[in-house]
Amino acid sequence: AKVFIFQKQFDGLPKEGDLQLIEEDLPAIKEGEFLAEAVYLSVDPYMRAYAPRLPLGKTIVESKHPKYPVGRHVVGQFGWRSHTVSKGERHDSSTAPFLIPELGPDVPLSYFIGVLGMPGNTAYFGFLELCQPKKGETVVVSGAAGAVGSLVGQIAKIKGCTVIGIAGSEEKGKWLVGELGFDHFINYKTADLNKALSQAAPNGIDCYFDNVGGETTNAILSHMNDFGRISLCGSISVYNKNDRKVSLELFYLVGKQLKMEGFIVTRWLDRWLEGIQQNHKWIQEGKLKTRETVTVGFENMFKAFVDMLQGKNFGKAVVKA
Ligand code: NDP
């Protein structure tokens with residue numbers, strides 16, 4: 001098996017020498033185990049925030065486990081590795097390998113680490129459950145052109161909201177407004193956020209889905225309407241900074257009586273399939289569009305990871321082994 005291992009803890013933006021690619025001999029599988037081979041690998045922001053433990057879409061190539069037959073596909077947090085021997089149980093704080101549902105031959109396998117996997121369910125549950133959007137309300141999404149954000153904005157449109165997406169390039173803005181149906185786009189790298197928010201949301205903001213934290217979030221708080229809801233999904237703007245202090249204008253949270261809640265998507269593990277099925281239905285109905293930025297080759301995982309952290313991805317960043 002090919003495996004990426006840690007050489008050094010990340011300091012700032014991850015550097016090539018922080019990880020090392022090694023070859024590892026795998027033991028023969030025992031009763032109750034299966035061997036899986038990577039087909040798609042996912043690079044996600046949380047790997048910078050916590051540790052490089054990656055979910056993979058793998059094919060089971062050998063099995064002595066009744067629940068994981070040869071030929072089926074599993075998604076699991078196995079690490080950055082080409083092959084894995086697993087008992088099918090959860091290890092560390094990860095979730096158990098998930099046998100992907102058979103939704104038909106026209107569903108690309110990579111979707112199960114994207115729109116029909118963790119990012120899709122993050123958008124579905126994290127937005128709908130915490131923001132409780134109502135028809136006619138104004139919703140802001142930061143990190144809007146990424147895996148989670150691009151779906152949140154489209155789900156908000158499905159719910160009849162006015163949607164403002166914030167992301168880091170004009171090209172991303174064209175995609176969000178021109179193809180995904182967002183109502184407004186703000187480029188956080190070039191715009192005066194306060195001015196742009198006043199223009200795009202003259203009646204204030206009711207729901208904010210926060211992927212980035214930091215300055216963008218601070219600017220948004222003062223534009224929230226009373227009793228607005230904020231779903232705190234992530235804070236990628238500070239992941240590469242060693243100083244993790246995130247200042248928030250608590251003043252507005254109090255004065256406007258806002259509801260702000262953080263979440264980890266595994267909160268809805270018992271409803272996982274519901275999220276996948278609903279997102280799949282919206283894809284079939286043409287209401288949810290997805291885009292992937294695919295890097296080919298297991299050995300190019302590091303490049304794919306850093307490209308994603310630097311915003312080179314449109315939609316979900318995946319690696320094809
Ligand atoms: P994305 O596909 O959105 O990729 C990351 C994006 O972040 C980049 O494309 C880049 O786009 C943007 N970005 C990078 N640096 C900055 C910065 N300094 N300020 C603002 N934006 C920046 O990743 P995901 O959709 O997978 O994840 C989005 C967020 O959701 C992350 O914060 C992640 O940690 C969080 N998350 C949380 C989960 C939970 O359970 N709570 C589960 C899954 C994800 P740009 O060009 O716009 O800068």
# chains A, B, ... in the order shown; residues from 1 in each chain; ligands from 1
>>> residues_near_ligand(ligand="ligand 1", cutoff="8 Å", atoms="only C-alpha atoms and all ligand atoms", output="VMD selection string")
chain A and resid 43 to 46 49 118 to 119 122 126 142 to 150 166 to 169 172 187 to 188 210 to 214 216 232 to 238 262 to 266 308 to 317
>>> residues_around(residues="Lys287 (chain A)", least_positions_apart="4", cutoff="12 Å", atoms="only C-alpha atoms", output="VMD selection string")
chain A and resid 151 153 to 159 179 to 181 278 to 283
>>> select_by_dssp(residues="region 12-61 of chain A", states="strand (DSSP E or B)", output="NGL selection string")
:A and (19-23 or 34-42 or 55-61)
>>> closest_residue(among="A:Glu215, A:Asp11, A:Glu170, A:Glu37", to="Leu193 (chain A)", atoms="only C-alpha atoms")
A:Glu215
>>> atom_distance(atom1="CA of Arg229 (chain A)", atom2="CA of Thr162 (chain A)")
15.0 Å
>>> residues_around(residues="Lys303 (chain A)", least_positions_apart="4", cutoff="10 Å", atoms="only C-alpha atoms", output="CSV table (one decimal) with N, CA and C atoms, in the first residue's frame")
chain,number,residue,atom,x,y,z
A,14,PRO,N,0.4,24.1,4.7
A,14,PRO,CA,1.2,22.9,4.7
A,14,PRO,C,2.2,22.9,3.6
A,15,LYS,N,3.4,22.3,3.9
A,15,LYS,CA,4.5,22.3,3.0
A,15,LYS,C,4.8,20.9,2.6
A,16,GLU,N,5.3,20.7,1.4
A,16,GLU,CA,5.6,19.4,0.8
A,16,GLU,C,6.3,18.4,1.8
A,43,VAL,N,-10.0,15.5,-0.3
A,43,VAL,CA,-9.2,16.4,0.5
A,43,VAL,C,-10.2,17.4,1.1
A,295,THR,N,-8.2,15.9,-9.2
A,295,THR,CA,-6.8,15.7,-9.4
A,295,THR,C,-6.5,14.2,-9.6
A,299,GLU,N,-0.4,10.0,-5.7
A,299,GLU,CA,0.8,10.7,-5.3
A,299,GLU,C,0.6,12.2,-5.4
A,307,ASP,N,-4.0,23.0,-3.0
A,307,ASP,CA,-4.8,23.7,-4.0
A,307,ASP,C,-6.2,24.1,-3.4
A,308,MET,N,-6.8,23.1,-2.7
A,308,MET,CA,-8.1,23.3,-2.1
A,308,MET,C,-8.0,24.4,-1.0
A,309,LEU,N,-7.0,24.3,-0.2
A,309,LEU,CA,-6.8,25.3,0.9
A,309,LEU,C,-6.6,26.7,0.3
A,319,VAL,N,-9.6,13.5,-5.3
A,319,VAL,CA,-8.4,12.8,-6.0
A,319,VAL,C,-8.9,11.5,-6.5
>>> atom_distance(atom1="CA of Phe302 (chain A)", atom2="CA of Lys2 (chain A)")
13.3 Å
>>> residues_around(residues="Leu197 (chain A)", least_positions_apart="4", cutoff="8 Å", atoms="only C-alpha atoms", output="list in words")
Leu193, Ala201, Pro202, Ile220 and His223 of chain A
>>> residues_around(residues="Met260 (chain A)", least_positions_apart="5", cutoff="9 Å", atoms="only C-alpha atoms", output="CSV table (one decimal) with C-alpha atoms, in the first residue's frame")
chain,number,residue,atom,x,y,z
A,130,LEU,CA,-29.8,25.3,12.3
A,131,CYS,CA,-30.9,28.2,10.1
A,228,GLY,CA,-31.5,35.9,12.7
A,229,ARG,CA,-29.9,32.5,12.8
A,230,ILE,CA,-26.3,31.6,12.2
A,231,SER,CA,-25.0,28.1,11.4
A,232,LEU,CA,-21.3,28.0,12.3
A,253,LEU,CA,-25.3,38.8,18.9
>>> residues_around(residues="Glu24 (chain A)", least_positions_apart="4", cutoff="10 Å", atoms="only C-alpha atoms", output="VMD selection string")
chain A and resid 1 to 3 81 83
>>> write_last_selection(atoms="C-alpha atoms", output="PDB file, in the first residue's frame")
ATOM      1  CA  ALA A   1       0.000   0.000   0.000  1.00  0.00           C
ATOM      2  CA  LYS A   2       1.053   3.586  -0.621  1.00  0.00           C
ATOM      3  CA  VAL A   3       0.590   5.718   2.498  1.00  0.00           C
ATOM      4  CA  ARG A  81      -3.655   5.371   1.806  1.00  0.00           C
ATOM      5  CA  HIS A  83      -5.101   0.131   0.323  1.00  0.00           C
TER       6      HIS A  83
END
>>> atom_distance(atom1="CA of Thr217 (chain A)", atom2="CA of Ile164 (chain A)")
13.5 Å
>>> select_by_dssp(residues="region 170-218 of chain A", states="helix (DSSP H, G or I)", output="MDAnalysis selection string")
chainID A and resid 170:179 193:200 214:218
